$ cat my_file-v7.txt   # compact mmCIF, C-alpha atoms
# COMPACT_ATOMS: atom_id res chain seq x y z
CA MET A 1 0.00 0.00 0.00
CA THR A 2 1.34 3.42 -0.90
CA ALA A 3 1.63 6.07 1.78
CA HIS A 4 -0.43 9.22 1.53
CA TYR A 5 0.16 12.63 3.05
CA GLU A 6 -2.60 15.02 3.92
CA MET A 7 -2.35 18.81 3.76
CA ALA A 8 -4.74 21.51 4.89
CA PRO A 9 -4.67 25.07 3.53
CA ILE A 10 -3.11 27.84 5.64
CA GLY A 11 -4.79 30.55 3.54
CA HIS A 12 -5.72 31.41 -0.01
CA VAL A 13 -4.89 33.74 -2.89
CA GLU A 14 -7.02 36.74 -3.80
CA SER A 15 -6.28 37.67 -7.41
CA PRO A 16 -8.02 39.13 -10.46
CA LEU A 17 -6.88 36.00 -12.37
CA VAL A 18 -9.81 33.69 -12.84
CA ASP A 19 -9.21 31.95 -16.15
CA ARG A 20 -6.50 29.49 -17.26
CA GLU A 21 -6.48 30.74 -20.84
CA THR A 22 -5.66 34.33 -19.98
CA ALA A 23 -3.33 33.76 -17.02
CA PRO A 24 0.41 34.18 -17.62
CA LYS A 25 2.46 30.98 -17.46
CA GLN A 26 4.93 32.46 -15.00
CA GLY A 27 4.59 35.37 -12.62
CA PHE A 28 7.51 37.33 -14.07
CA GLU A 29 5.67 37.37 -17.40
CA GLY A 30 3.31 39.96 -16.05
CA ALA A 31 0.91 38.68 -13.43
CA PRO A 32 -1.08 41.23 -11.46
CA GLU A 33 -0.84 42.05 -7.79
CA ALA A 34 -2.40 39.51 -5.51
CA TRP A 35 -3.14 39.16 -1.82
CA LEU A 36 -2.09 36.21 0.29
CA VAL A 37 -4.86 35.89 2.86
CA PHE A 38 -3.93 33.75 5.85
CA ASP A 39 -6.26 31.91 8.17
CA PRO A 40 -6.48 33.51 11.64
CA GLU A 41 -5.03 30.44 13.37
CA MET A 42 -1.80 30.95 11.33
CA ALA A 43 -1.13 34.38 12.86
CA ASP A 44 1.88 33.19 14.88
CA GLY A 45 3.42 31.62 11.81
CA VAL A 46 3.24 34.74 9.62
CA ARG A 47 4.04 37.31 12.32
CA ASP A 48 7.66 37.83 11.21
CA LEU A 49 7.05 38.25 7.49
CA THR A 50 8.17 41.75 6.50
CA THR A 51 7.66 44.10 3.56
CA GLY A 52 10.50 43.59 1.09
CA ASP A 53 11.04 39.92 1.96
CA ASP A 54 11.52 37.52 -0.94
CA ILE A 55 9.48 34.43 -0.27
CA TYR A 56 8.40 31.20 -1.87
CA VAL A 57 4.67 30.68 -1.80
CA LEU A 58 3.58 27.07 -2.15
CA THR A 59 0.04 26.55 -3.38
CA TRP A 60 -2.23 23.63 -4.15
CA LEU A 61 -3.17 23.82 -7.83
CA HIS A 62 -6.66 22.55 -7.28
CA ARG A 63 -7.66 22.61 -10.94
CA ALA A 64 -4.79 20.40 -12.09
CA GLN A 65 -5.06 17.03 -13.81
CA ARG A 66 -3.11 14.61 -11.63
CA ASP A 67 -2.88 11.65 -14.01
CA VAL A 68 -0.70 13.51 -16.53
CA LEU A 69 3.04 12.65 -16.82
CA ALA A 70 3.95 14.41 -20.08
CA VAL A 71 2.75 17.70 -21.57
CA HIS A 72 3.38 20.10 -24.42
CA PRO A 73 5.13 22.91 -22.49
CA ARG A 74 3.20 26.15 -22.20
CA ASP A 75 0.11 24.42 -23.59
CA ASP A 76 1.60 24.88 -27.08
CA GLN A 77 1.24 21.83 -29.33
CA ARG A 78 4.32 22.92 -31.30
CA ASN A 79 6.47 22.20 -28.26
CA PRO A 80 7.48 18.53 -28.07
CA GLU A 81 5.83 16.47 -25.36
CA THR A 82 7.98 16.64 -22.24
CA GLY A 83 8.01 14.78 -18.93
CA VAL A 84 6.14 16.91 -16.39
CA PHE A 85 9.05 16.97 -13.92
CA SER A 86 11.02 18.97 -16.52
CA THR A 87 8.19 21.51 -16.78
CA ARG A 88 6.23 23.87 -14.55
CA SER A 89 2.92 22.51 -15.81
CA GLN A 90 0.19 22.59 -13.20
CA ASP A 91 -0.83 19.12 -14.41
CA ARG A 92 1.33 16.64 -12.43
CA PRO A 93 0.83 13.91 -9.81
CA ASN A 94 1.12 16.23 -6.79
CA PRO A 95 0.10 19.67 -8.09
CA ILE A 96 2.05 21.93 -5.76
CA GLY A 97 2.62 25.42 -7.16
CA LEU A 98 5.95 27.12 -6.42
CA HIS A 99 5.93 30.91 -6.72
CA ARG A 100 8.77 33.26 -5.84
CA VAL A 101 7.47 36.71 -4.96
CA ARG A 102 8.38 39.82 -2.98
CA ILE A 103 6.20 41.17 -0.20
CA ALA A 104 4.92 44.61 -1.21
CA ALA A 105 2.75 45.40 1.81
CA ILE A 106 1.26 43.77 4.89
CA ASP A 107 -2.14 44.42 6.43
CA GLY A 108 -2.56 42.05 9.37
CA LEU A 109 -3.16 38.59 7.95
CA ARG A 110 -3.26 39.95 4.38
CA ILE A 111 0.02 40.15 2.45
CA LEU A 112 0.29 41.94 -0.90
CA VAL A 113 2.66 40.50 -3.50
CA HIS A 114 3.51 41.26 -7.10
CA ASP A 115 3.76 38.83 -10.00
CA LEU A 116 1.87 35.86 -8.60
CA GLU A 117 0.50 33.64 -11.38
CA ALA A 118 -2.18 31.90 -9.31
CA PHE A 119 -5.92 31.95 -9.75
CA ASP A 120 -8.26 33.64 -7.35
CA GLY A 121 -9.11 31.22 -4.57
CA THR A 122 -5.99 29.05 -4.95
CA PRO A 123 -5.19 27.44 -1.57
CA ILE A 124 -1.86 28.32 0.04
CA VAL A 125 -0.14 25.41 1.80
CA ASP A 126 3.24 26.89 2.84
CA VAL A 127 5.46 29.98 2.78
CA LYS A 128 9.26 29.89 3.04
CA PRO A 129 11.95 32.58 2.94
CA VAL A 130 14.26 32.76 -0.09
CA LEU A 131 17.74 32.12 1.32
CA VAL A 132 21.09 33.68 0.47
CA GLY A 133 22.02 32.95 -3.12
CA GLY A 134 18.38 32.70 -4.14
CA ARG A 135 17.82 29.23 -2.76
CA MET B 1 -15.12 22.03 7.32
CA THR B 2 -11.62 22.67 6.08
CA ALA B 3 -10.53 21.19 2.77
CA HIS B 4 -7.75 18.63 2.70
CA TYR B 5 -5.41 17.67 -0.12
CA GLU B 6 -3.87 14.26 -0.46
CA MET B 7 -0.44 13.54 -1.90
CA ALA B 8 1.27 10.28 -2.74
CA PRO B 9 5.05 9.91 -3.05
CA ILE B 10 6.62 9.73 -6.52
CA GLY B 11 9.88 8.35 -5.13
CA HIS B 12 12.24 8.66 -2.18
CA VAL B 13 15.68 9.88 -1.17
CA GLU B 14 18.62 7.56 -0.61
CA SER B 15 21.16 9.36 1.55
CA PRO B 16 23.75 8.61 4.23
CA LEU B 17 21.95 11.20 6.43
CA VAL B 18 19.93 9.40 9.07
CA ASP B 19 20.00 11.67 12.09
CA ARG B 20 18.51 15.15 12.67
CA GLU B 21 21.28 16.24 15.01
CA THR B 22 24.13 15.64 12.56
CA ALA B 23 22.38 16.71 9.36
CA PRO B 24 23.26 20.14 7.93
CA LYS B 25 20.48 22.74 8.10
CA GLN B 26 20.81 23.57 4.41
CA GLY B 27 22.23 21.57 1.55
CA PHE B 28 24.84 24.18 0.61
CA GLU B 29 26.30 23.84 4.10
CA GLY B 30 27.81 20.55 3.11
CA ALA B 31 25.31 17.76 2.64
CA PRO B 32 26.52 14.55 0.99
CA GLU B 33 25.56 13.14 -2.35
CA ALA B 34 22.14 11.57 -2.46
CA TRP B 35 20.08 9.58 -4.93
CA LEU B 36 16.56 10.48 -5.96
CA VAL B 37 14.91 7.13 -6.60
CA PHE B 38 11.70 7.38 -8.59
CA ASP B 39 8.85 4.90 -8.65
CA PRO B 40 8.64 2.94 -11.93
CA GLU B 41 5.21 4.38 -12.79
CA MET B 42 6.80 7.88 -12.85
CA ALA B 43 9.17 6.98 -15.72
CA ASP B 44 7.37 9.15 -18.27
CA GLY B 45 7.51 12.14 -15.94
CA VAL B 46 11.28 11.99 -15.31
CA ARG B 47 12.34 10.98 -18.83
CA ASP B 48 13.53 14.46 -19.83
CA LEU B 49 15.60 15.25 -16.73
CA THR B 50 19.22 15.68 -17.81
CA THR B 51 22.62 15.74 -16.14
CA GLY B 52 23.50 19.34 -15.30
CA ASP B 53 19.89 20.45 -14.83
CA ASP B 54 19.15 22.64 -11.81
CA ILE B 55 15.97 21.40 -10.20
CA TYR B 56 13.79 21.91 -7.18
CA VAL B 57 13.07 18.72 -5.30
CA LEU B 58 9.96 18.87 -3.13
CA THR B 59 9.87 16.35 -0.31
CA TRP B 60 7.50 15.41 2.48
CA LEU B 61 9.31 15.96 5.78
CA HIS B 62 7.71 12.98 7.46
CA ARG B 63 9.41 13.51 10.82
CA ALA B 64 8.18 17.09 11.25
CA GLN B 65 5.98 18.40 14.05
CA ARG B 66 2.94 19.92 12.36
CA ASP B 67 1.46 21.83 15.29
CA VAL B 68 4.40 24.24 15.55
CA LEU B 69 4.01 27.88 14.39
CA ALA B 70 7.14 29.48 15.88
CA VAL B 71 10.66 28.12 16.35
CA HIS B 72 14.13 29.14 17.41
CA PRO B 73 15.85 29.21 13.99
CA ARG B 74 18.45 26.53 13.38
CA ASP B 75 17.38 24.77 16.62
CA ASP B 76 19.48 27.33 18.53
CA GLN B 77 17.82 28.69 21.68
CA ARG B 78 19.89 31.88 21.40
CA ASN B 79 17.97 32.81 18.23
CA PRO B 80 14.70 34.59 19.03
CA GLU B 81 11.52 32.62 18.43
CA THR B 82 10.35 33.28 14.88
CA GLY B 83 7.17 32.51 12.94
CA VAL B 84 7.77 29.32 10.95
CA PHE B 85 6.86 30.91 7.61
CA SER B 86 9.94 33.14 8.00
CA THR B 87 12.14 30.06 8.55
CA ARG B 88 13.07 26.85 6.78
CA SER B 89 12.24 24.77 9.83
CA GLN B 90 10.94 21.33 8.98
CA ASP B 91 8.37 21.81 11.75
CA ARG B 92 5.39 23.60 10.14
CA PRO B 93 1.73 22.90 9.33
CA ASN B 94 2.40 21.36 5.90
CA PRO B 95 5.98 20.05 6.08
CA ILE B 96 7.02 20.27 2.45
CA GLY B 97 10.79 20.38 1.95
CA LEU B 98 12.15 22.59 -0.84
CA HIS B 99 15.64 21.67 -2.06
CA ARG B 100 17.48 23.22 -4.98
CA VAL B 101 20.04 20.82 -6.41
CA ARG B 102 21.93 20.04 -9.61
CA ILE B 103 21.69 16.69 -11.33
CA ALA B 104 25.13 15.03 -11.26
CA ALA B 105 24.28 11.74 -12.96
CA ILE B 106 21.32 9.66 -14.10
CA ASP B 107 20.96 5.89 -14.01
CA GLY B 108 17.48 5.03 -15.23
CA LEU B 109 15.05 5.95 -12.48
CA ARG B 110 17.90 6.89 -10.11
CA ILE B 111 19.18 10.47 -10.19
CA LEU B 112 22.34 11.52 -8.34
CA VAL B 113 22.41 15.01 -6.81
CA HIS B 114 24.81 16.95 -4.61
CA ASP B 115 24.03 18.93 -1.47
CA LEU B 116 20.64 17.51 -0.58
CA GLU B 117 19.88 17.96 3.14
CA ALA B 118 17.22 15.25 3.39
CA PHE B 119 17.22 12.11 5.46
CA ASP B 120 17.45 8.65 3.98
CA GLY B 121 13.95 7.48 3.09
CA THR B 122 12.42 10.96 2.78
CA PRO B 123 9.48 10.79 0.34
CA ILE B 124 9.71 12.88 -2.83
CA VAL B 125 6.44 14.50 -3.91
CA ASP B 126 7.47 16.69 -6.87
CA VAL B 127 10.37 17.86 -9.05
CA LYS B 128 10.42 21.13 -11.00
CA PRO B 129 13.00 22.84 -13.19
CA VAL B 130 14.69 26.00 -11.92
CA LEU B 131 13.70 28.71 -14.40
CA VAL B 132 15.67 31.58 -15.88
CA GLY B 133 16.77 33.99 -13.16
CA GLY B 134 16.80 31.23 -10.56
CA ARG B 135 13.06 31.11 -10.08
$ encode --input "my_file-v7.txt" --output "structure tokens"
Amino acid sequence: MTAHYEMAPIGHVESPLVDRETAPKQGFEGAPEAWLVFDPEMADGVRDLTTGDDIYVLTWLHRAQRDVLAVHPRDDQRNPETGVFSTRSQDRPNPIGLHRVRIAAIDGLRILVHDLEAFDGTPIVDVKPVLVGGR
Amino acid sequence: MTAHYEMAPIGHVESPLVDRETAPKQGFEGAPEAWLVFDPEMADGVRDLTTGDDIYVLTWLHRAQRDVLAVHPRDDQRNPETGVFSTRSQDRPNPIGLHRVRIAAIDGLRILVHDLEAFDGTPIVDVKPVLVGGR
């Protein structure tokens, strides 16, 4: 029997992006501002996040197809089919989104970031600092 | 009722690291070589990974404490207690490990990487390419 791991959201994304067809593939390609909205019980965990911090936001890409192992990158049929672990496709066995963003402003449990390519309502599962050297 | 998301491992780490006390806090602080060992049914997903690629390996930190929201960074009591989302502590609500490594060699479903600070047996849940600009 294969092990399974269960996650619960710590918050969600508020964004004007609502549609896969019009969303940018990567945040640095021109995504809008978005708010990270954390659940009240996570207050102690987010209390030291600071404007200007570079962070990784990990999301759960709840619209993904999880039985897909190869895709045409960027949803473009002209690109040769590629194993999903060499792509950033949202379609993959465990559809975790990885987004590197900078904190633009903080309002309590609401954190404003630029260039986040996630749909409105996307669940947030973790936040980590970017370390020295961009790791 | 809060939503929950279920993940299954796609492989696991083979590493000489077996002990939290002796493991480095970050891979670039001198972790040993490790093998990423993928499950056979993931073959199509990993087929395009190539020696020299910089990748993010996402793991499930199965020994983590999930009810912790603030920690003394680097397990050092002299460091002030800090919200976990400003740290890389493995103890956090959804203990996903994020490791940036370079592929050193490939042997079928086994991929050799340097500087991976994960224990032997750690489940792998996703792999993503590092994009232009280190994102």
$ closest_residue --input "my_file-v7.txt" --among "B:Asp44, B:Asp19, B:Glu81, B:Asp91" --to "chain A" --atoms "all atoms listed in the file"
B:Asp44
$ residues_near_point --input "my_file-v7.txt" --point "(-9.4, 34.8, -12.2)" --cutoff "6 Å" --atoms "only C-alpha atoms" --output "PyMOL selection string"
chain A and resi 16-19+119-120
$ closest_residue --input "my_file-v7.txt" --among "B:Ile124, B:Met7, B:Leu36, B:Val132" --to "chain A" --atoms "all atoms listed in the file"
B:Met7
$ closest_atom_pairs --input "my_file-v7.txt" --of "chain A" --to "chain B" --cutoff "8 Å" --atoms "all atoms listed in the file" --output "JSON lines"
{"residue": "A:Thr2", "atom": "CA", "partner": "B:Ala8", "partner_atom": "CA", "distance": 7.1}
{"residue": "A:Ala3", "atom": "CA", "partner": "B:Ala8", "partner_atom": "CA", "distance": 6.2}
{"residue": "A:His4", "atom": "CA", "partner": "B:Ala8", "partner_atom": "CA", "distance": 4.7}
{"residue": "A:Tyr5", "atom": "CA", "partner": "B:Met7", "partner_atom": "CA", "distance": 5.1}
{"residue": "A:Glu6", "atom": "CA", "partner": "B:Glu6", "partner_atom": "CA", "distance": 4.6}
{"residue": "A:Met7", "atom": "CA", "partner": "B:Tyr5", "partner_atom": "CA", "distance": 5.1}
{"residue": "A:Ala8", "atom": "CA", "partner": "B:His4", "partner_atom": "CA", "distance": 4.7}
{"residue": "A:Pro9", "atom": "CA", "partner": "B:Ala3", "partner_atom": "CA", "distance": 7.1}
{"residue": "A:Ile10", "atom": "CA", "partner": "B:Pro93", "partner_atom": "CA", "distance": 7.8}
{"residue": "A:Met42", "atom": "CA", "partner": "B:Leu69", "partner_atom": "CA", "distance": 7.2}
{"residue": "A:Asp44", "atom": "CA", "partner": "B:Gly83", "partner_atom": "CA", "distance": 5.7}
{"residue": "A:Gly45", "atom": "CA", "partner": "B:Gly83", "partner_atom": "CA", "distance": 4.0}
{"residue": "A:Val46", "atom": "CA", "partner": "B:Gly83", "partner_atom": "CA", "distance": 5.6}
{"residue": "A:Arg47", "atom": "CA", "partner": "B:Gly83", "partner_atom": "CA", "distance": 5.8}
{"residue": "A:Asp48", "atom": "CA", "partner": "B:Gly83", "partner_atom": "CA", "distance": 5.6}
{"residue": "A:Leu49", "atom": "CA", "partner": "B:Ser86", "partner_atom": "CA", "distance": 5.9}
{"residue": "A:Trp60", "atom": "CA", "partner": "B:Tyr5", "partner_atom": "CA", "distance": 7.9}
{"residue": "A:Leu69", "atom": "CA", "partner": "B:Gly45", "partner_atom": "CA", "distance": 4.6}
{"residue": "A:Ala70", "atom": "CA", "partner": "B:Gly45", "partner_atom": "CA", "distance": 5.9}
{"residue": "A:Thr82", "atom": "CA", "partner": "B:Asp48", "partner_atom": "CA", "distance": 6.4}
{"residue": "A:Gly83", "atom": "CA", "partner": "B:Gly45", "partner_atom": "CA", "distance": 4.0}
{"residue": "A:Val84", "atom": "CA", "partner": "B:Gly45", "partner_atom": "CA", "distance": 5.0}
{"residue": "A:Phe85", "atom": "CA", "partner": "B:Val127", "partner_atom": "CA", "distance": 5.1}
{"residue": "A:Ser86", "atom": "CA", "partner": "B:Pro129", "partner_atom": "CA", "distance": 5.5}
{"residue": "A:Thr87", "atom": "CA", "partner": "B:Pro129", "partner_atom": "CA", "distance": 6.1}
{"residue": "A:Arg88", "atom": "CA", "partner": "B:Lys128", "partner_atom": "CA", "distance": 6.1}
{"residue": "A:Pro93", "atom": "CA", "partner": "B:Asp126", "partner_atom": "CA", "distance": 7.8}
{"residue": "A:Asn94", "atom": "CA", "partner": "B:Met7", "partner_atom": "CA", "distance": 5.8}
{"residue": "A:Ile96", "atom": "CA", "partner": "B:Asp126", "partner_atom": "CA", "distance": 7.6}
{"residue": "A:His99", "atom": "CA", "partner": "B:Arg135", "partner_atom": "CA", "distance": 7.9}
{"residue": "A:Arg100", "atom": "CA", "partner": "B:Arg135", "partner_atom": "CA", "distance": 6.4}
{"residue": "A:Val125", "atom": "CA", "partner": "B:Asn94", "partner_atom": "CA", "distance": 6.3}
{"residue": "A:Asp126", "atom": "CA", "partner": "B:Asn94", "partner_atom": "CA", "distance": 6.4}
{"residue": "A:Val127", "atom": "CA", "partner": "B:Phe85", "partner_atom": "CA", "distance": 5.1}
{"residue": "A:Lys128", "atom": "CA", "partner": "B:Phe85", "partner_atom": "CA", "distance": 5.3}
{"residue": "A:Pro129", "atom": "CA", "partner": "B:Ser86", "partner_atom": "CA", "distance": 5.5}
{"residue": "A:Gly134", "atom": "CA", "partner": "B:Gly134", "partner_atom": "CA", "distance": 6.8}
{"residue": "A:Arg135", "atom": "CA", "partner": "B:Arg100", "partner_atom": "CA", "distance": 6.4}
$ atom_distance --input "my_file-v7.txt" --atom1 "atom CA of B:Asp67" --atom2 "atom CA of A:Arg110"
21.7 Å
$ residues_around --input "my_file-v7.txt" --residues "B:Trp35" --least-positions-apart "6" --cutoff "12 Å" --atoms "all atoms listed in the file" --output "number ranges by chain"
B: 11-17, 57, 101-124
$ atom_distance --input "my_file-v7.txt" --atom1 "atom CA of A:Asp76" --atom2 "atom CA of A:Ala34"
26.4 Å
$ atom_distance --input "my_file-v7.txt" --atom1 "atom CA of A:Gln90" --atom2 "atom CA of A:Arg74"
10.1 Å
